[in-house]
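Structure file structure08.cif (mmCIF, C-alpha atoms and all ligand atoms) is printed below.
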data_my_file
loop_
_atom_site.group_PDB
_atom_site.id
_atom_site.type_symbol
_atom_site.label_atom_id
_atom_site.label_comp_id
_atom_site.auth_asym_id
_atom_site.auth_seq_id
_atom_site.Cartn_x
_atom_site.Cartn_y
_atom_site.Cartn_z
ATOM 1 C CA MET A 1 134.310 122.949 123.910
ATOM 2 C CA THR A 2 132.941 120.166 126.095
ATOM 3 C CA LYS A 3 129.442 119.189 125.058
ATOM 4 C CA LEU A 4 126.695 118.518 127.540
ATOM 5 C CA HIS A 5 125.041 115.216 128.167
ATOM 6 C CA PRO A 6 122.173 114.656 125.676
ATOM 7 C CA ALA A 7 118.767 115.702 127.011
ATOM 8 C CA VAL A 8 116.742 112.510 127.373
ATOM 9 C CA ALA A 9 112.982 112.870 126.786
ATOM 10 C CA ASP A 10 111.083 112.337 130.028
ATOM 11 C CA LYS A 11 108.188 110.573 128.317
ATOM 12 C CA PRO A 12 108.020 107.887 125.625
ATOM 13 C CA GLY A 13 106.851 108.852 122.165
ATOM 14 C CA VAL A 14 104.904 106.817 119.633
ATOM 15 C CA MET A 15 106.124 106.726 116.027
ATOM 16 C CA ARG A 16 103.095 105.755 113.962
ATOM 17 C CA THR A 17 103.099 104.099 110.582
ATOM 18 C CA THR A 18 99.817 104.430 108.735
ATOM 19 C CA GLY A 19 99.133 102.615 105.501
ATOM 20 C CA TRP A 20 100.123 103.976 102.093
ATOM 21 C CA GLY A 21 99.358 103.034 98.472
ATOM 22 C CA ASP A 22 101.089 99.642 98.669
ATOM 23 C CA TYR A 23 100.503 98.699 102.291
ATOM 24 C CA ALA A 24 97.636 98.642 104.801
ATOM 25 C CA LEU A 25 96.913 97.052 108.151
ATOM 26 C CA MET A 26 93.335 96.163 107.190
ATOM 27 C CA ASP A 27 92.292 94.558 110.471
ATOM 28 C CA SER A 28 93.641 92.727 113.492
ATOM 29 C CA GLY A 29 92.409 90.492 116.281
ATOM 30 C CA ASN A 30 92.323 86.959 117.676
ATOM 31 C CA GLY A 31 96.131 86.856 117.615
ATOM 32 C CA ARG A 32 96.426 87.649 113.899
ATOM 33 C CA LYS A 33 96.678 90.597 111.549
ATOM 34 C CA LEU A 34 95.230 91.079 108.079
ATOM 35 C CA GLU A 35 97.417 93.225 105.840
ATOM 36 C CA ARG A 36 97.600 94.268 102.223
ATOM 37 C CA TYR A 37 100.960 94.134 100.456
ATOM 38 C CA GLY A 38 100.454 95.546 96.967
ATOM 39 C CA PRO A 39 98.078 93.119 95.237
ATOM 40 C CA TYR A 40 98.020 90.511 98.021
ATOM 41 C CA SER A 41 96.000 90.330 101.220
ATOM 42 C CA VAL A 42 97.928 88.437 103.866
ATOM 43 C CA VAL A 43 97.108 86.938 107.278
ATOM 44 C CA ARG A 44 99.988 86.589 109.742
ATOM 45 C CA PRO A 45 100.229 85.670 113.430
ATOM 46 C CA GLU A 46 100.413 88.615 115.859
ATOM 47 C CA PRO A 47 99.946 87.324 119.415
ATOM 48 C CA GLN A 48 99.642 90.888 120.745
ATOM 49 C CA CYS A 49 96.248 91.334 119.087
ATOM 50 C CA LEU A 50 94.168 90.223 122.046
ATOM 51 C CA TRP A 51 91.009 91.924 120.778
ATOM 52 C CA ALA A 52 88.301 90.754 118.389
ATOM 53 C CA PRO A 53 88.595 91.575 114.673
ATOM 54 C CA LYS A 54 86.348 94.274 113.236
ATOM 55 C CA LEU A 55 85.989 93.078 109.658
ATOM 56 C CA PRO A 56 83.652 90.144 108.913
ATOM 57 C CA ALA A 57 85.150 86.646 108.789
ATOM 58 C CA GLU A 58 84.455 86.398 105.015
ATOM 59 C CA ILE A 59 87.001 89.133 104.351
ATOM 60 C CA TRP A 60 89.662 87.330 106.390
ATOM 61 C CA GLU A 61 88.825 84.081 104.621
ATOM 62 C CA LYS A 62 89.393 85.704 101.226
ATOM 63 C CA ALA A 63 93.074 86.398 102.052
ATOM 64 C CA ASP A 64 95.506 85.446 99.279
ATOM 65 C CA ALA A 65 98.114 84.123 101.728
ATOM 66 C CA VAL A 66 98.046 82.833 105.290
ATOM 67 C CA PHE A 67 101.127 82.069 107.389
ATOM 68 C CA ASP A 68 100.588 79.023 109.624
ATOM 69 C CA PRO A 69 103.141 79.131 112.438
ATOM 70 C CA THR A 70 104.764 75.951 113.695
ATOM 71 C CA ASP A 71 106.433 77.570 116.693
ATOM 72 C CA GLU A 72 106.507 80.851 118.570
ATOM 73 C CA GLU A 73 109.568 82.084 116.737
ATOM 74 C CA ASP A 74 109.572 82.586 112.980
ATOM 75 C CA ALA A 75 109.047 79.049 111.698
ATOM 76 C CA GLY A 76 105.947 78.029 109.780
ATOM 77 C CA ARG A 77 104.569 77.757 106.292
ATOM 78 C CA TRP A 78 102.640 79.892 103.804
ATOM 79 C CA ARG A 79 99.315 78.684 102.458
ATOM 80 C CA PHE A 80 98.212 80.377 99.223
ATOM 81 C CA LYS A 81 94.801 80.684 97.499
ATOM 82 C CA ALA A 82 96.604 80.648 94.166
ATOM 83 C CA GLN A 83 100.316 80.436 93.408
ATOM 84 C CA PRO A 84 101.598 84.017 93.916
ATOM 85 C CA ARG A 85 104.350 85.683 91.910
ATOM 86 C CA ASP A 86 107.881 85.106 93.271
ATOM 87 C CA THR A 87 108.298 88.863 93.609
ATOM 88 C CA TRP A 88 106.169 91.916 92.930
ATOM 89 C CA PRO A 89 107.008 95.624 92.921
ATOM 90 C CA MET A 90 106.227 97.739 95.977
ATOM 91 C CA ALA A 91 106.894 101.432 96.526
ATOM 92 C CA TRP A 92 107.249 103.887 99.354
ATOM 93 C CA GLY A 93 107.632 107.397 97.979
ATOM 94 C CA ASP A 94 110.278 107.260 95.242
ATOM 95 C CA VAL A 95 111.841 104.091 96.615
ATOM 96 C CA ARG A 96 110.896 100.818 94.990
ATOM 97 C CA TYR A 97 111.508 97.336 96.330
ATOM 98 C CA LYS A 98 110.321 93.786 95.786
ATOM 99 C CA GLY A 99 107.768 92.115 98.000
ATOM 100 C CA ARG A 100 108.256 88.362 98.431
ATOM 101 C CA PHE A 101 106.905 85.678 100.717
ATOM 102 C CA THR A 102 109.921 84.669 102.832
ATOM 103 C CA ALA A 103 110.228 81.546 104.955
ATOM 104 C CA PHE A 104 110.417 83.780 108.046
ATOM 105 C CA ARG A 105 106.783 84.937 107.994
ATOM 106 C CA HIS A 106 107.551 88.376 106.597
ATOM 107 C CA LEU A 107 107.441 89.890 103.125
ATOM 108 C CA ALA A 108 111.108 90.924 102.684
ATOM 109 C CA PHE A 109 110.700 94.320 104.361
ATOM 110 C CA PHE A 110 109.127 95.628 107.573
ATOM 111 C CA PRO A 111 106.225 98.012 106.855
ATOM 112 C CA GLU A 112 106.116 99.462 110.367
ATOM 113 C CA GLN A 113 109.551 100.971 109.629
ATOM 114 C CA ALA A 114 107.901 103.512 107.313
ATOM 115 C CA ALA A 115 107.645 106.015 110.198
ATOM 116 C CA ASN A 116 111.431 105.709 110.620
ATOM 117 C CA TRP A 117 111.985 106.037 106.846
ATOM 118 C CA ALA A 118 110.110 109.349 106.890
ATOM 119 C CA TRP A 119 112.205 110.547 109.822
ATOM 120 C CA LEU A 120 115.463 109.476 108.126
ATOM 121 C CA ASP A 121 114.436 111.163 104.881
ATOM 122 C CA GLY A 122 113.927 114.423 106.813
ATOM 123 C CA LYS A 123 117.266 114.129 108.622
ATOM 124 C CA VAL A 124 119.224 113.495 105.407
ATOM 125 C CA ARG A 125 117.518 116.335 103.541
ATOM 126 C CA ALA A 126 118.116 118.760 106.427
ATOM 127 C CA PHE A 127 121.874 117.984 106.554
ATOM 128 C CA LYS A 128 124.167 120.677 105.147
ATOM 129 C CA GLY A 129 126.138 118.896 102.415
ATOM 130 C CA GLN A 130 126.091 115.178 101.637
ATOM 131 C CA PRO A 131 125.846 113.122 104.828
ATOM 132 C CA ARG A 132 127.597 109.772 105.143
ATOM 133 C CA VAL A 133 125.076 107.274 106.522
ATOM 134 C CA LEU A 134 125.875 103.820 107.908
ATOM 135 C CA ASN A 135 123.032 101.262 107.945
ATOM 136 C CA LEU A 136 123.935 98.231 110.074
ATOM 137 C CA PHE A 137 121.870 95.017 109.776
ATOM 138 C CA GLY A 138 120.392 96.654 106.671
ATOM 139 C CA TYR A 139 118.583 93.556 105.247
ATOM 140 C CA THR A 140 116.821 94.338 101.913
ATOM 141 C CA GLY A 141 117.890 97.939 102.064
ATOM 142 C CA VAL A 142 114.736 100.064 102.107
ATOM 143 C CA ALA A 143 116.173 102.417 104.774
ATOM 144 C CA SER A 144 119.459 102.611 102.814
ATOM 145 C CA LEU A 145 117.581 103.486 99.635
ATOM 146 C CA VAL A 146 115.441 106.099 101.382
ATOM 147 C CA CYS A 147 118.647 107.784 102.620
ATOM 148 C CA ALA A 148 120.346 107.478 99.199
ATOM 149 C CA ALA A 149 117.286 108.913 97.423
ATOM 150 C CA ALA A 150 117.357 111.844 99.867
ATOM 151 C CA GLY A 151 120.988 112.541 98.915
ATOM 152 C CA ALA A 152 123.161 110.572 101.382
ATOM 153 C CA ALA A 153 126.267 108.517 100.633
ATOM 154 C CA VAL A 154 125.305 105.192 102.183
ATOM 155 C CA THR A 155 127.220 102.219 103.558
ATOM 156 C CA HIS A 156 124.904 99.232 103.910
ATOM 157 C CA VAL A 157 126.144 96.315 106.014
ATOM 158 C CA ASP A 158 124.479 92.912 106.356
ATOM 159 C CA ALA A 159 125.743 89.402 107.066
ATOM 160 C CA SER A 160 123.543 87.752 104.458
ATOM 161 C CA LYS A 161 124.699 87.594 100.844
ATOM 162 C CA LYS A 162 121.136 86.869 99.795
ATOM 163 C CA ALA A 163 119.779 89.949 101.606
ATOM 164 C CA ILE A 164 122.479 92.116 99.985
ATOM 165 C CA GLY A 165 121.547 90.654 96.586
ATOM 166 C CA TRP A 166 117.891 91.576 97.174
ATOM 167 C CA ALA A 167 118.905 95.036 98.404
ATOM 168 C CA ARG A 168 120.890 95.611 95.206
ATOM 169 C CA GLU A 169 117.908 94.500 93.116
ATOM 170 C CA ASN A 170 115.833 97.043 95.049
ATOM 171 C CA ALA A 171 118.399 99.760 94.280
ATOM 172 C CA THR A 172 118.136 98.955 90.568
ATOM 173 C CA LEU A 173 114.333 98.924 90.733
ATOM 174 C CA SER A 174 114.473 102.334 92.458
ATOM 175 C CA GLY A 175 116.718 103.757 89.734
ATOM 176 C CA LEU A 176 119.429 104.421 92.341
ATOM 177 C CA ASP A 177 122.289 102.395 90.816
ATOM 178 C CA ASP A 178 124.272 105.553 90.163
ATOM 179 C CA ARG A 179 124.096 106.727 93.793
ATOM 180 C CA PRO A 180 127.045 106.345 96.185
ATOM 181 C CA ILE A 181 125.949 103.191 98.010
ATOM 182 C CA ARG A 182 128.490 100.646 99.271
ATOM 183 C CA TRP A 183 127.069 97.145 99.818
ATOM 184 C CA ILE A 184 129.087 95.269 102.423
ATOM 185 C CA CYS A 185 128.539 91.639 103.381
ATOM 186 C CA GLU A 186 130.204 91.445 106.774
ATOM 187 C CA ASP A 187 129.613 90.932 110.470
ATOM 188 C CA ALA A 188 128.339 94.286 111.775
ATOM 189 C CA ARG A 189 130.656 94.313 114.800
ATOM 190 C CA ARG A 190 133.717 93.426 112.775
ATOM 191 C CA TYR A 191 132.951 96.127 110.242
ATOM 192 C CA VAL A 192 132.436 98.777 112.902
ATOM 193 C CA GLN A 193 135.581 97.786 114.810
ATOM 194 C CA ARG A 194 137.560 98.139 111.585
ATOM 195 C CA GLU A 195 136.013 101.508 110.739
ATOM 196 C CA VAL A 196 136.908 102.837 114.206
ATOM 197 C CA ARG A 197 140.547 101.691 113.700
ATOM 198 C CA ARG A 198 140.659 103.262 110.232
ATOM 199 C CA GLY A 199 139.368 106.561 111.636
ATOM 200 C CA ASN A 200 136.356 106.684 109.299
ATOM 201 C CA ARG A 201 133.373 108.695 110.487
ATOM 202 C CA TYR A 202 129.642 108.904 109.677
ATOM 203 C CA ASP A 203 127.079 111.689 109.944
ATOM 204 C CA GLY A 204 124.179 109.342 110.594
ATOM 205 C CA ILE A 205 123.921 105.734 111.822
ATOM 206 C CA ILE A 206 120.980 103.322 111.639
ATOM 207 C CA LEU A 207 121.159 100.336 113.940
ATOM 208 C CA ASP A 208 118.368 97.736 113.741
ATOM 209 C CA PRO A 209 119.846 94.550 115.168
ATOM 210 C CA PRO A 210 118.005 91.229 115.536
ATOM 211 C CA LYS A 211 117.881 89.372 118.841
ATOM 212 C CA TYR A 212 120.169 86.653 117.493
ATOM 213 C CA GLY A 213 122.156 86.592 114.294
ATOM 214 C CA ARG A 214 125.253 85.240 112.633
ATOM 215 C CA GLY A 215 127.980 86.979 110.690
ATOM 216 C CA PRO A 216 129.148 85.521 107.348
ATOM 217 C CA ASP A 217 131.967 83.627 109.120
ATOM 218 C CA GLY A 218 129.695 82.279 111.830
ATOM 219 C CA GLU A 219 130.269 85.217 114.217
ATOM 220 C CA ILE A 220 127.514 85.089 116.832
ATOM 221 C CA TRP A 221 125.375 88.169 117.468
ATOM 222 C CA LYS A 222 123.368 88.305 120.718
ATOM 223 C CA LEU A 223 121.509 91.541 121.303
ATOM 224 C CA PHE A 224 121.728 91.609 125.086
ATOM 225 C CA GLU A 225 125.417 90.649 125.145
ATOM 226 C CA ASN A 226 126.730 92.589 122.175
ATOM 227 C CA LEU A 227 124.603 95.723 121.787
ATOM 228 C CA PRO A 228 126.357 97.828 124.483
ATOM 229 C CA GLU A 229 129.763 97.354 122.833
ATOM 230 C CA LEU A 230 128.368 97.950 119.341
ATOM 231 C CA ALA A 231 126.527 101.110 120.439
ATOM 232 C CA GLY A 232 129.758 102.381 122.024
ATOM 233 C CA LEU A 233 131.697 101.784 118.819
ATOM 234 C CA CYS A 234 128.955 103.519 116.810
ATOM 235 C CA ALA A 235 129.248 106.524 119.142
ATOM 236 C CA GLU A 236 132.959 106.656 118.247
ATOM 237 C CA LEU A 237 132.083 106.541 114.556
ATOM 238 C CA LEU A 238 129.928 109.684 114.685
ATOM 239 C CA SER A 239 131.584 112.676 113.032
ATOM 240 C CA ASP A 240 131.849 116.005 114.838
ATOM 241 C CA THR A 241 128.977 117.305 112.738
ATOM 242 C CA ALA A 242 126.906 114.106 112.945
ATOM 243 C CA SER A 243 123.174 114.532 112.813
ATOM 244 C CA PHE A 244 121.597 111.303 114.085
ATOM 245 C CA LEU A 245 121.828 107.775 115.465
ATOM 246 C CA LEU A 246 118.653 105.683 115.233
ATOM 247 C CA LEU A 247 118.468 102.478 117.267
ATOM 248 C CA ASN A 248 115.534 100.085 116.769
ATOM 249 C CA ALA A 249 114.937 96.710 118.432
ATOM 250 C CA TYR A 250 112.230 94.075 118.220
ATOM 251 C CA ALA A 251 113.443 91.777 120.987
ATOM 252 C CA GLU A 252 111.066 91.002 123.794
ATOM 253 C CA ARG A 253 112.264 92.129 127.211
ATOM 254 C CA ILE A 254 113.686 95.337 125.862
ATOM 255 C CA SER A 255 112.018 98.748 126.008
ATOM 256 C CA GLY A 256 112.391 102.213 124.557
ATOM 257 C CA ALA A 257 113.587 103.368 127.977
ATOM 258 C CA ALA A 258 116.339 100.713 127.954
ATOM 259 C CA LEU A 259 117.509 101.785 124.487
ATOM 260 C CA ALA A 260 117.484 105.450 125.573
ATOM 261 C CA GLY A 261 119.501 104.538 128.676
ATOM 262 C CA LEU A 262 122.095 102.856 126.478
ATOM 263 C CA LEU A 263 122.405 105.793 124.065
ATOM 264 C CA SER A 264 122.597 108.263 126.914
ATOM 265 C CA ASP A 265 125.478 106.236 128.379
ATOM 266 C CA LYS A 266 127.405 105.893 125.116
ATOM 267 C CA LEU A 267 126.760 109.446 123.868
ATOM 268 C CA ALA A 268 127.429 111.094 127.240
ATOM 269 C CA ASP A 269 129.577 113.917 125.797
ATOM 270 C CA ARG A 270 127.692 114.554 122.561
ATOM 271 C CA GLY A 271 125.039 117.051 123.644
ATOM 272 C CA GLY A 272 121.868 116.994 121.556
ATOM 273 C CA ALA A 273 118.708 115.134 122.510
ATOM 274 C CA ILE A 274 117.485 111.567 122.843
ATOM 275 C CA GLU A 275 113.887 110.603 122.127
ATOM 276 C CA TRP A 276 112.594 107.118 122.751
ATOM 277 C CA GLY A 277 109.428 105.093 122.597
ATOM 278 C CA GLU A 278 107.470 102.634 120.581
ATOM 279 C CA LEU A 279 107.008 102.126 116.850
ATOM 280 C CA ALA A 280 103.382 101.314 116.080
ATOM 281 C CA LEU A 281 101.351 100.205 113.078
ATOM 282 C CA THR A 282 98.010 101.993 112.840
ATOM 283 C CA GLN A 283 95.037 100.066 111.519
ATOM 284 C CA ASP A 284 93.423 101.372 108.342
ATOM 285 C CA ASP A 285 90.262 102.592 110.086
ATOM 286 C CA GLY A 286 92.409 104.445 112.650
ATOM 287 C CA THR A 287 90.808 102.646 115.581
ATOM 288 C CA ARG A 288 93.710 100.532 116.744
ATOM 289 C CA GLU A 289 97.429 100.221 116.689
ATOM 290 C CA ILE A 290 99.906 97.421 117.242
ATOM 291 C CA GLY A 291 103.154 98.172 119.062
ATOM 292 C CA MET A 292 105.835 96.575 116.864
ATOM 293 C CA SER A 293 109.247 97.593 118.182
ATOM 294 C CA PHE A 294 111.082 100.056 120.378
ATOM 295 C CA TYR A 295 113.337 102.907 119.377
ATOM 296 C CA ALA A 296 115.713 105.436 120.816
ATOM 297 C CA ARG A 297 117.250 108.102 118.629
ATOM 298 C CA TRP A 298 119.845 110.709 119.209
ATOM 299 C CA THR A 299 119.905 113.971 117.267
ATOM 300 C CA SER A 300 122.557 116.641 117.496
HETATM 301 C C1 LIG A 401 115.547 92.205 111.460
HETATM 302 S S1 LIG A 401 116.596 92.276 110.058
HETATM 303 C C2 LIG A 401 116.917 93.996 110.072
HETATM 304 C C3 LIG A 401 115.813 94.726 109.394
HETATM 305 C C4 LIG A 401 116.269 95.916 108.561
HETATM 306 N N1 LIG A 401 116.994 96.888 109.340
HETATM 307 C C5 LIG A 401 115.077 96.540 107.836
HETATM 308 O O1 LIG A 401 114.544 97.562 108.288
HETATM 309 O O2 LIG A 401 114.636 95.974 106.837
HETATM 310 C C6 LIG A 401 118.063 91.555 110.640
HETATM 311 C C7 LIG A 401 119.204 91.564 109.612
HETATM 312 O O3 LIG A 401 120.413 91.420 110.361
HETATM 313 C C8 LIG A 401 121.305 90.642 109.603
HETATM 314 N N2 LIG A 401 122.318 90.110 110.522
HETATM 315 C C9 LIG A 401 122.179 89.160 111.465
HETATM 316 N N3 LIG A 401 123.343 88.978 112.145
HETATM 317 C C10 LIG A 401 124.231 89.856 111.620
HETATM 318 C C11 LIG A 401 125.592 90.162 111.900
HETATM 319 N N4 LIG A 401 126.269 89.523 112.842
HETATM 320 N N5 LIG A 401 126.182 91.146 111.186
HETATM 321 C C12 LIG A 401 125.500 91.803 110.209
HETATM 322 N N6 LIG A 401 124.213 91.547 109.900
HETATM 323 C C13 LIG A 401 123.583 90.582 110.588
HETATM 324 C C14 LIG A 401 120.434 89.608 108.944
HETATM 325 O O4 LIG A 401 121.072 89.059 107.789
HETATM 326 C C15 LIG A 401 119.177 90.413 108.624
HETATM 327 O O5 LIG A 401 119.241 90.914 107.316
#
Could you write out this file's structure as structure tokens?
Amino acid sequence: MTKLHPAVADKPGVMRTTGWGDYALMDSGNGRKLERYGPYSVVRPEPQCLWAPKLPAEIWEKADAVFDPTDEEDAGRWRFKAQPRDTWPMAWGDVRYKGRFTAFRHLAFFPEQAANWAWLDGKVRAFKGQPRVLNLFGYTGVASLVCAAAGAAVTHVDASKKAIGWARENATLSGLDDRPIRWICEDARRYVQREVRRGNRYDGIILDPPKYGRGPDGEIWKLFENLPELAGLCAELLSDTASFLLLNAYAERISGAALAGLLSDKLADRGGAIEWGELALTQDDGTREIGMSFYARWTS
């Protein structure tokens, strides 16, 4: 039977991440945000915060770590009150992972993604049987581990050996070593092209590509040039009973509407529905939120 075009939501949605035991957006303003990552309070640049902070300056000044940027991209340097631990344990639900101060101004995972983790957890648990989930550009693996903990068989793909090593450490920390997770260090496009040729299929796909990236053999990834082809190949990889495809992007000059337009093009004969919008971090006191990235997601 021919399926209808997916129904595309006529309005954007907002996926909100609020703090949990190990993470909080404590305050924001003057182009920076003050967050808590487990035991550490951290100040990082956030040019979108055009407002004034709410908490007194003394609280900001007490931060354990401050990232001083040297350019508008990711470069810069951490300044610490006291030498922090190399890694420390963090948790979201049953999933455990290590926080660490990386050279790229983040802490080895992206807290705003928690709203997506909750959504993925629900999708995997609602699937009849064991879904096969593909996580492309999977980094340190929190989304992969959330899906594995919920019962999925997961294929995690990332170009960085180091990121895969950290993801595996996180799997061990989470007590998920015995789960069916395949860790693949490969260029995302190459992997997907090969899977299409082999005829392999997935019941859920997570796609969170950076603006620029490199595969392990120097393959160049450029979001605006390569995403349409990759999204098309991912559409081919969806099984007949597939449940979801979640696309997230941080790049400037993209929007939830653009991502929804792409999915609606590539999934034209899949039926189902496409929602799209913005992923936001809600400040602890509930008074503000910071738009962090855009998403579009197809569900059957
Ligand atoms: C922004 S992170 C993705 C965040 C991740 N999805 C998460 O929620 O933690 C980008 C990741 O893409 C990986 N990457 C960059 N270029 C790649 C490529 N061509 N193929 C596969 N992975 C790539 C990087 O190694 C990095 O781990």
query: Excluding same-chain residues fewer than 4 positions from Ala143 in chain A, what lies within 8 Å of it counting only C-alpha atoms, as an NGL selection string?
result: :A and (117 or 120 or 135 or 138 or 147)
message: Once the PyMOL selection byres (((chain A and resi 161-170) around 12) and not hetatm) has been evaluated on this model, what residues remain selected, and can you format them as an NGL selection string?
response: :A and (87-92 or 94-100 or 102 or 108-109 or 136-146 or 155-160 or 171-179 or 181-187 or 215-217)
- prompt: Please, what distance in Å, to one decimal, runs between CA of Ala242 in chain A and CA of Ala118 in chain A?
  reply: 18.5 Å
field: Atom-to-atom span, CA of Arg77 in chain A and CA of Glu58 in chain A, Å
entry: 21.9 Å
message: What does the structure give for the distance between CA of Glu72 in chain A and CA of Pro47 in chain A, in Å to one decimal?
response: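 Interatomic distance here is 9.3 Å.
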- prompt: Written as a list of chain:residue names, which residues does the PyMOL selection byres (((chain A and resi 39) around 10) and not hetatm) give for the file shown?
  reply: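 Selection result, ordered by chain and number: A:Asp22, A:Tyr23, A:Arg36, A:Tyr37, A:Gly38, A:Tyr40, A:Ser41, A:Val42, A:Asp64, A:Pro84, A:Trp88, A:Pro89, A:Met90.
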message: Please list as a list of chain:residue names every residue within 10 Å of Trp119 in chain A, counting only C-alpha atoms and excluding residues in the same chain fewer than 6 positions away.
response: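 After dropping sequence-adjacent residues, the list is A:Met15, A:Gln113, A:Leu246.
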Could I see range 235-248 of chain A restored to N, CA, C and O atoms, set down as a PDB file, keeping the file's coordinate frame?
ATOM      1  N   ALA A 235     129.073 105.165 118.613  1.00  0.00           N
ATOM      2  CA  ALA A 235     129.248 106.524 119.142  1.00  0.00           C
ATOM      3  C   ALA A 235     130.609 107.074 118.696  1.00  0.00           C
ATOM      4  O   ALA A 235     130.730 108.245 118.329  1.00  0.00           O
ATOM      5  N   GLU A 236     131.626 106.201 118.688  1.00  0.00           N
ATOM      6  CA  GLU A 236     132.959 106.656 118.247  1.00  0.00           C
ATOM      7  C   GLU A 236     132.981 106.996 116.765  1.00  0.00           C
ATOM      8  O   GLU A 236     133.797 107.792 116.307  1.00  0.00           O
ATOM      9  N   LEU A 237     132.093 106.329 116.013  1.00  0.00           N
ATOM     10  CA  LEU A 237     132.083 106.541 114.556  1.00  0.00           C
ATOM     11  C   LEU A 237     131.368 107.817 114.132  1.00  0.00           C
ATOM     12  O   LEU A 237     131.423 108.192 112.967  1.00  0.00           O
ATOM     13  N   LEU A 238     130.658 108.462 115.067  1.00  0.00           N
ATOM     14  CA  LEU A 238     129.928 109.684 114.685  1.00  0.00           C
ATOM     15  C   LEU A 238     130.901 110.833 114.451  1.00  0.00           C
ATOM     16  O   LEU A 238     131.786 111.089 115.280  1.00  0.00           O
ATOM     17  N   SER A 239     130.727 111.520 113.347  1.00  0.00           N
ATOM     18  CA  SER A 239     131.584 112.676 113.032  1.00  0.00           C
ATOM     19  C   SER A 239     131.260 113.833 113.977  1.00  0.00           C
ATOM     20  O   SER A 239     130.220 113.820 114.647  1.00  0.00           O
ATOM     21  N   ASP A 240     132.101 114.841 113.974  1.00  0.00           N
ATOM     22  CA  ASP A 240     131.849 116.005 114.838  1.00  0.00           C
ATOM     23  C   ASP A 240     130.554 116.718 114.463  1.00  0.00           C
ATOM     24  O   ASP A 240     129.928 117.351 115.292  1.00  0.00           O
ATOM     25  N   THR A 241     130.201 116.616 113.182  1.00  0.00           N
ATOM     26  CA  THR A 241     128.977 117.305 112.738  1.00  0.00           C
ATOM     27  C   THR A 241     127.820 116.326 112.551  1.00  0.00           C
ATOM     28  O   THR A 241     126.839 116.633 111.868  1.00  0.00           O
ATOM     29  N   ALA A 242     127.937 115.144 113.157  1.00  0.00           N
ATOM     30  CA  ALA A 242     126.906 114.106 112.945  1.00  0.00           C
ATOM     31  C   ALA A 242     125.536 114.614 113.334  1.00  0.00           C
ATOM     32  O   ALA A 242     125.385 115.441 114.238  1.00  0.00           O
ATOM     33  N   SER A 243     124.541 114.055 112.634  1.00  0.00           N
ATOM     34  CA  SER A 243     123.174 114.532 112.813  1.00  0.00           C
ATOM     35  C   SER A 243     122.300 113.545 113.594  1.00  0.00           C
ATOM     36  O   SER A 243     121.429 113.960 114.341  1.00  0.00           O
ATOM     37  N   PHE A 244     122.509 112.233 113.406  1.00  0.00           N
ATOM     38  CA  PHE A 244     121.597 111.303 114.085  1.00  0.00           C
ATOM     39  C   PHE A 244     122.196 109.918 114.303  1.00  0.00           C
ATOM     40  O   PHE A 244     123.129 109.506 113.612  1.00  0.00           O
ATOM     41  N   LEU A 245     121.620 109.220 115.284  1.00  0.00           N
ATOM     42  CA  LEU A 245     121.828 107.775 115.465  1.00  0.00           C
ATOM     43  C   LEU A 245     120.465 107.193 115.828  1.00  0.00           C
ATOM     44  O   LEU A 245     119.848 107.628 116.802  1.00  0.00           O
ATOM     45  N   LEU A 246     119.976 106.284 115.010  1.00  0.00           N
ATOM     46  CA  LEU A 246     118.653 105.683 115.233  1.00  0.00           C
ATOM     47  C   LEU A 246     118.842 104.212 115.604  1.00  0.00           C
ATOM     48  O   LEU A 246     119.448 103.452 114.851  1.00  0.00           O
ATOM     49  N   LEU A 247     118.340 103.862 116.777  1.00  0.00           N
ATOM     50  CA  LEU A 247     118.468 102.478 117.267  1.00  0.00           C
ATOM     51  C   LEU A 247     117.064 101.900 117.371  1.00  0.00           C
ATOM     52  O   LEU A 247     116.181 102.495 118.002  1.00  0.00           O
ATOM     53  N   ASN A 248     116.850 100.746 116.725  1.00  0.00           N
ATOM     54  CA  ASN A 248     115.534 100.085 116.769  1.00  0.00           C
ATOM     55  C   ASN A 248     115.749  98.651 117.239  1.00  0.00           C
ATOM     56  O   ASN A 248     116.753  98.025 116.902  1.00  0.00           O
TER      57      ASN A 248
END
